[in-house]
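Asker: Handing you this structure, nothing more for now.
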Amino acid sequence: MKILLIQCPTSHLGAGEKVYPVGLARLSTLVPPKDEKCCLDMNLSPDPWPVLKETVLGFKPQVVALSFRNIDPLAGHQTSYLSSLATTAAMVRRLAPTARILAGGPAFSMFARRLMAEIPEIDAGLVGEGERVFSHLIAANFDPAAIDGLVYRADGEIKQNPEGAAIDLNTLPWPDTTTFAPGAYGGRNAYVAAMGIEGKRGCDLACGYCLYPFLGGRRFRLRAPERIVDEMQRLKEEHGIGLFHFTDPVVNRPKNHFIALCDHLRQRKLDVAWTGFFREDDLDDRTAGLAREAGLAAIYFSADALTEHGLALLQKRMGIEEILAAARVTARHKILTVQHVLVNLPGEDRSAHFEEARANLERLLTIHAPAANLGAWYSTRCVCTPRRL
Ligand code: B12
Ligand code: SF4
């Protein structure tokens with residue numbers, strides 16, 4: 001079989017922020033050696049359409065695996081990426097009329113049926129992680145009805161199989177760095193590290209607006225710290241990667257796993273730096289100190305509300321005091337900190353809410369000021385009323 005793996009546009013074409021396609025790179029490793037494969041990340045080219053055309057016409061794929069990572073645009077932009085995902089599928093269909101077109105990735109998982117309806121060129125798509133079923137998806141004897149989590153077309157309808165068991169994270173394949181070369185992503189990003197590293201999947205909390213438990217599972221699946229560090233070491237030694245972003249929903253939870261990870265990183269002396277999203281109420285002086293020694297370069301917080309009303313509404317299971325306490329910890333340890341909040345949450349319509357949010361923002365700025373460690377503050381205006389709120 002001839003398999004073409006394509007990372008579809010995840011940012012504005014030509015945008016600086018590049019993210020290594022770690023999910024698709026793991027799936028690429030699972031293509032059997034007897035098959036022929038070719039990979040394309042459309043984000044690496046300011047104008048990927050001629051490149052896509054040349055690749056499809058030159059390679060003549062029998063199966064095309066499209067990864068749909070995000071539909072929402074980069075921060076500060078308003079345009080959905082749906083049209084570039086749909087255009088990619090339409091071009092592939094036109095240039096390789098008999099190829100099996102598959103889709104997957106976080107954005108596909110979230111909007112699977114809608115995307116199947118909007119993009120008729122997709123034959124089948126996967127909801128959830130791909131490692132367990134990918135070899136069946138690309139096999140010559142493809143049987144959609146037998147593949148867990150698959151959404152496919154049959155009898156003029158869109159059908160969906162129930163999701164199967166989650167995989168053991170200690171069996172994750174290495175990313176295929178031969179076809180998706182990490183070197184192509186280096187040194188351009190202003191906001192985060194281009195290289196992702198997985199420490200876990202899933203989250204045991206259930207904040208009211210968050211889809212991470214749906215995407216990765218409602219409990220943590222932990223990867224052994226030595227395996228995480230092995231992957232970082234390999235990427236450092238073979239590709240010179242010195243900065244990683246943990247793709248975990250929450251890096252510092254559960255605490256014992258996080259401490260073990262920091263210990264492994266310290267012992268291995270890799271000389272790498274890393275970042276990730278942290279939970280405020282799981283951070284204390286001990287873990288902050290260990291993390292600093294283990295290479296922590298920046299903490300991203302995503303409390304997502306600055307009022308007690310907002311935190312309760314989002315079901316964050318923490319209050320303003322925990323947010324302020326975590327800020328004091330990062331200030332004491334001089335850790336570069338990035339804060340994300342939503343403003344204009346449903347019900348935050350009284351002047352008392354605005355006053356409370358403003359006062360809490362002042363308190364945070366005052367905490368960070370002496371250490372000058374508040375790197376950025378992202379506030380997003382909430383314009384929807386999520387169903388569960
Ligand atoms: C880590 C992360 C980031 C990091 C990435 C850092 C890095 N260097 O990797 C940062 C913070 C930079 C980031 C930024 C953004 N992100 Co983000 N991010 C994530 C997160 C938490 C994990 C993604 C990940 O790497 N997972 C690990 C890999 C191994 O898994 P995977 O990619 O899902 O791949 C698996 C499956 O999806 C499947 N699969 C993938 N492709 C394919 C293809 C086929 C054919 C098949 C069958 C299967 C398959 O198999 C893979 C292996 O199991 C997800 C949420 C989530 N839990 O998925 C959000 C998420 C993907 N991000 C999202 C968004 C919106 C963004 C931004 C646009 C935010 C912004 N406004 O700037 C930017 C875009 C950045 C860019 N240029 O691409 C959304 C996308 C959904 C949407 N609504 O559009 C998500 C889902 C979060 C959310 N809001 O719900 N992100
Ligand atoms: S702790 Fe973070 S990742 Fe987990 S459910 Fe809440 S917002 Fe989502």
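Residue numbering restarts at 1 in every chain; chains get A, B, ... in the order shown in the structure tokens, and ligands count up from 1 in that same order.
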DSSP on the backbone, strand (DSSP E) only: what residues of region 32-241 of chain A does that give? Format it as a ChimeraX atom specification.
Answerer: /A:36-41,63-67,100-104,124-126,150-154,157-160,195-197,200-201,221-222
Asker: Residues within 7 Å of ligand 1 should be enumerated using only C-alpha atoms and all ligand atoms and returned as a PyMOL selection string.
Answerer: chain A and resi 10-11+17-24+26-27+65-75+102-107+125-126+128-131+134+192-196+198+210-212+215-216+244-249
Asker: If the limit is 10 Å from any atom of ligand 2, counting only C-alpha atoms and all ligand atoms, which residues qualify? Return them as number ranges by chain.
Answerer: A: 201-214, 216, 218-220, 248-251, 253, 277-280, 301-304, 314-317
Asker: Those residues with N, CA, C and O atoms, as a compact mmCIF listing (two decimals), in the first residue's frame please?
Answerer:
```txt
# COMPACT_ATOMS: atom_id res chain seq x y z
N ARG A 201 -2.02 11.16 29.13
CA ARG A 201 -3.25 11.56 28.41
C ARG A 201 -4.40 11.51 29.40
O ARG A 201 -4.38 10.72 30.34
N GLY A 202 -5.41 12.32 29.16
CA GLY A 202 -6.60 12.32 30.01
C GLY A 202 -6.46 13.25 31.20
O GLY A 202 -5.38 13.74 31.51
N CYS A 203 -7.63 13.52 31.83
CA CYS A 203 -7.64 14.37 33.03
C CYS A 203 -8.74 13.89 33.95
O CYS A 203 -9.85 13.60 33.49
N ASP A 204 -8.42 13.82 35.25
CA ASP A 204 -9.40 13.29 36.23
C ASP A 204 -10.33 14.38 36.76
O ASP A 204 -11.23 14.08 37.53
N LEU A 205 -10.12 15.63 36.34
CA LEU A 205 -11.06 16.68 36.75
C LEU A 205 -12.09 16.83 35.63
O LEU A 205 -11.93 16.26 34.55
N ALA A 206 -13.13 17.54 35.89
CA ALA A 206 -14.20 17.61 34.88
C ALA A 206 -14.72 19.03 34.83
O ALA A 206 -15.90 19.29 35.05
N CYS A 207 -13.81 19.97 34.54
CA CYS A 207 -14.24 21.36 34.48
C CYS A 207 -15.33 21.48 33.41
O CYS A 207 -15.27 20.81 32.37
N GLY A 208 -16.31 22.31 33.69
CA GLY A 208 -17.56 22.28 32.93
C GLY A 208 -17.44 22.59 31.46
O GLY A 208 -18.29 22.22 30.67
N TYR A 209 -16.36 23.27 31.04
CA TYR A 209 -16.23 23.74 29.67
C TYR A 209 -15.17 22.99 28.89
O TYR A 209 -14.91 23.30 27.73
N CYS A 210 -14.51 22.02 29.52
CA CYS A 210 -13.27 21.49 28.97
C CYS A 210 -13.47 20.15 28.26
O CYS A 210 -14.13 19.25 28.78
N LEU A 211 -12.87 20.02 27.08
CA LEU A 211 -13.04 18.80 26.28
C LEU A 211 -11.87 17.83 26.44
O LEU A 211 -11.85 16.78 25.80
N TYR A 212 -10.89 18.16 27.26
CA TYR A 212 -9.73 17.27 27.36
C TYR A 212 -10.11 15.89 27.91
O TYR A 212 -9.61 14.88 27.41
N PRO A 213 -11.01 15.80 28.91
CA PRO A 213 -11.40 14.45 29.35
C PRO A 213 -12.08 13.66 28.22
O PRO A 213 -11.90 12.45 28.11
N PHE A 214 -12.84 14.34 27.37
CA PHE A 214 -13.45 13.65 26.21
C PHE A 214 -12.36 13.17 25.25
O PHE A 214 -12.40 12.05 24.74
N GLY A 216 -9.01 12.68 25.81
CA GLY A 216 -7.96 11.77 26.29
C GLY A 216 -8.40 10.79 27.36
O GLY A 216 -7.63 9.92 27.77
N ARG A 218 -11.28 10.20 31.00
CA ARG A 218 -11.70 10.86 32.24
C ARG A 218 -10.83 10.52 33.44
O ARG A 218 -11.16 10.83 34.57
N ARG A 219 -9.76 9.79 33.19
CA ARG A 219 -8.77 9.61 34.25
C ARG A 219 -7.40 9.72 33.59
O ARG A 219 -7.28 9.64 32.37
N PHE A 220 -6.40 9.93 34.43
CA PHE A 220 -5.06 10.06 33.86
C PHE A 220 -4.55 8.72 33.39
O PHE A 220 -4.71 7.71 34.09
N ASP A 248 0.47 17.42 27.99
CA ASP A 248 -0.46 16.93 29.02
C ASP A 248 -1.56 17.96 29.32
O ASP A 248 -1.27 19.16 29.39
N PRO A 249 -2.79 17.49 29.59
CA PRO A 249 -3.82 18.44 30.05
C PRO A 249 -3.34 19.23 31.27
O PRO A 249 -3.54 20.45 31.34
N VAL A 250 -2.73 18.54 32.23
CA VAL A 250 -2.14 19.22 33.39
C VAL A 250 -0.80 18.53 33.67
O VAL A 250 -0.76 17.33 33.92
N VAL A 251 0.29 19.29 33.64
CA VAL A 251 1.61 18.66 33.80
C VAL A 251 1.86 18.22 35.25
O VAL A 251 2.44 17.17 35.49
N ARG A 253 0.03 17.22 37.71
CA ARG A 253 -0.98 16.42 38.40
C ARG A 253 -1.03 15.05 37.75
O ARG A 253 -1.07 15.00 36.51
N PHE A 277 1.18 23.32 30.79
CA PHE A 277 0.05 23.88 31.54
C PHE A 277 -0.02 23.24 32.93
O PHE A 277 -0.01 22.01 33.05
N PHE A 278 -0.11 24.08 33.96
CA PHE A 278 -0.12 23.63 35.35
C PHE A 278 -1.46 23.94 36.00
O PHE A 278 -2.14 24.90 35.63
N ARG A 279 -1.82 23.13 37.01
CA ARG A 279 -2.97 23.44 37.88
C ARG A 279 -2.43 24.19 39.08
O ARG A 279 -1.47 23.76 39.72
N GLU A 280 -3.09 25.28 39.41
CA GLU A 280 -2.65 26.13 40.52
C GLU A 280 -2.65 25.37 41.85
O GLU A 280 -1.71 25.48 42.64
N PHE A 301 -0.59 28.95 33.21
CA PHE A 301 -1.80 28.69 34.00
C PHE A 301 -3.01 29.00 33.14
O PHE A 301 -2.97 29.90 32.29
N SER A 302 -4.08 28.26 33.41
CA SER A 302 -5.30 28.52 32.66
C SER A 302 -6.49 28.46 33.62
O SER A 302 -7.38 27.63 33.49
N ALA A 303 -6.47 29.38 34.60
CA ALA A 303 -7.56 29.39 35.59
C ALA A 303 -8.88 29.70 34.90
O ALA A 303 -9.93 29.23 35.28
N ASP A 304 -8.79 30.52 33.86
CA ASP A 304 -9.92 30.81 32.98
C ASP A 304 -11.04 31.64 33.60
O ASP A 304 -12.05 31.90 32.95
N LEU A 314 -17.44 27.52 35.93
CA LEU A 314 -16.62 26.64 35.09
C LEU A 314 -16.30 25.31 35.81
O LEU A 314 -15.61 24.47 35.26
N GLN A 315 -16.76 25.18 37.02
CA GLN A 315 -16.54 23.96 37.84
C GLN A 315 -15.04 23.66 37.97
O GLN A 315 -14.60 22.53 37.76
N LYS A 316 -14.27 24.71 38.32
CA LYS A 316 -12.82 24.57 38.40
C LYS A 316 -12.37 23.89 39.70
O LYS A 316 -11.21 23.52 39.83
N ARG A 317 -13.22 23.78 40.67
CA ARG A 317 -12.88 23.16 41.97
C ARG A 317 -11.69 23.85 42.62
O ARG A 317 -10.83 23.21 43.23
```
Asker: Calculated over only C-alpha atoms, which of the candidates A:Met116, A:Leu235, A:Ala139, A:Leu44 has the smallest distance to Tyr185 (chain A)?
Answerer: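 The shortest atom-to-atom distance to Tyr185 (chain A) comes from A:Leu44.
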Asker: Go through A:Arg328, A:His239, A:Arg113, A:Lys34 one by one, measure the shortest atom-to-atom distance of each to Arg153 (chain A) using only C-alpha atoms, and give the residue with the smallest value.
Answerer: A:Arg113
Asker: Record the distance separating CA of Gly76 (chain A) and CA of His309 (chain A), expressed in Å with one decimal.
Answerer: 25.9 Å
Asker: From the set A:Leu169, A:Ala273, A:Leu30, A:Leu283, which residue has the shortest atom-to-atom contact distance to Pro254 (chain A), counting only C-alpha atoms?
Answerer: A:Leu283
Asker: From the options A:Leu52, A:Leu95, A:Ala376, A:Val127, which residue's atoms come nearest to Gly164 (chain A), counting only C-alpha atoms?
Answerer: A:Val127
Asker: Which of these residues is nearest to Asp282 (chain A), using only C-alpha atoms: A:Arg93, A:Leu306, A:Arg114, A:Asn252?
Answerer: A:Asn252
Asker: Would you list, as an NGL selection string, the residues of region 33-228 of chain A that end up in alpha helix (DSSP H) under DSSP run on this structure's backbone?
Answerer: :A and (48-59 or 82-95 or 106-110 or 112-118 or 134-137 or 212-216 or 225-228)
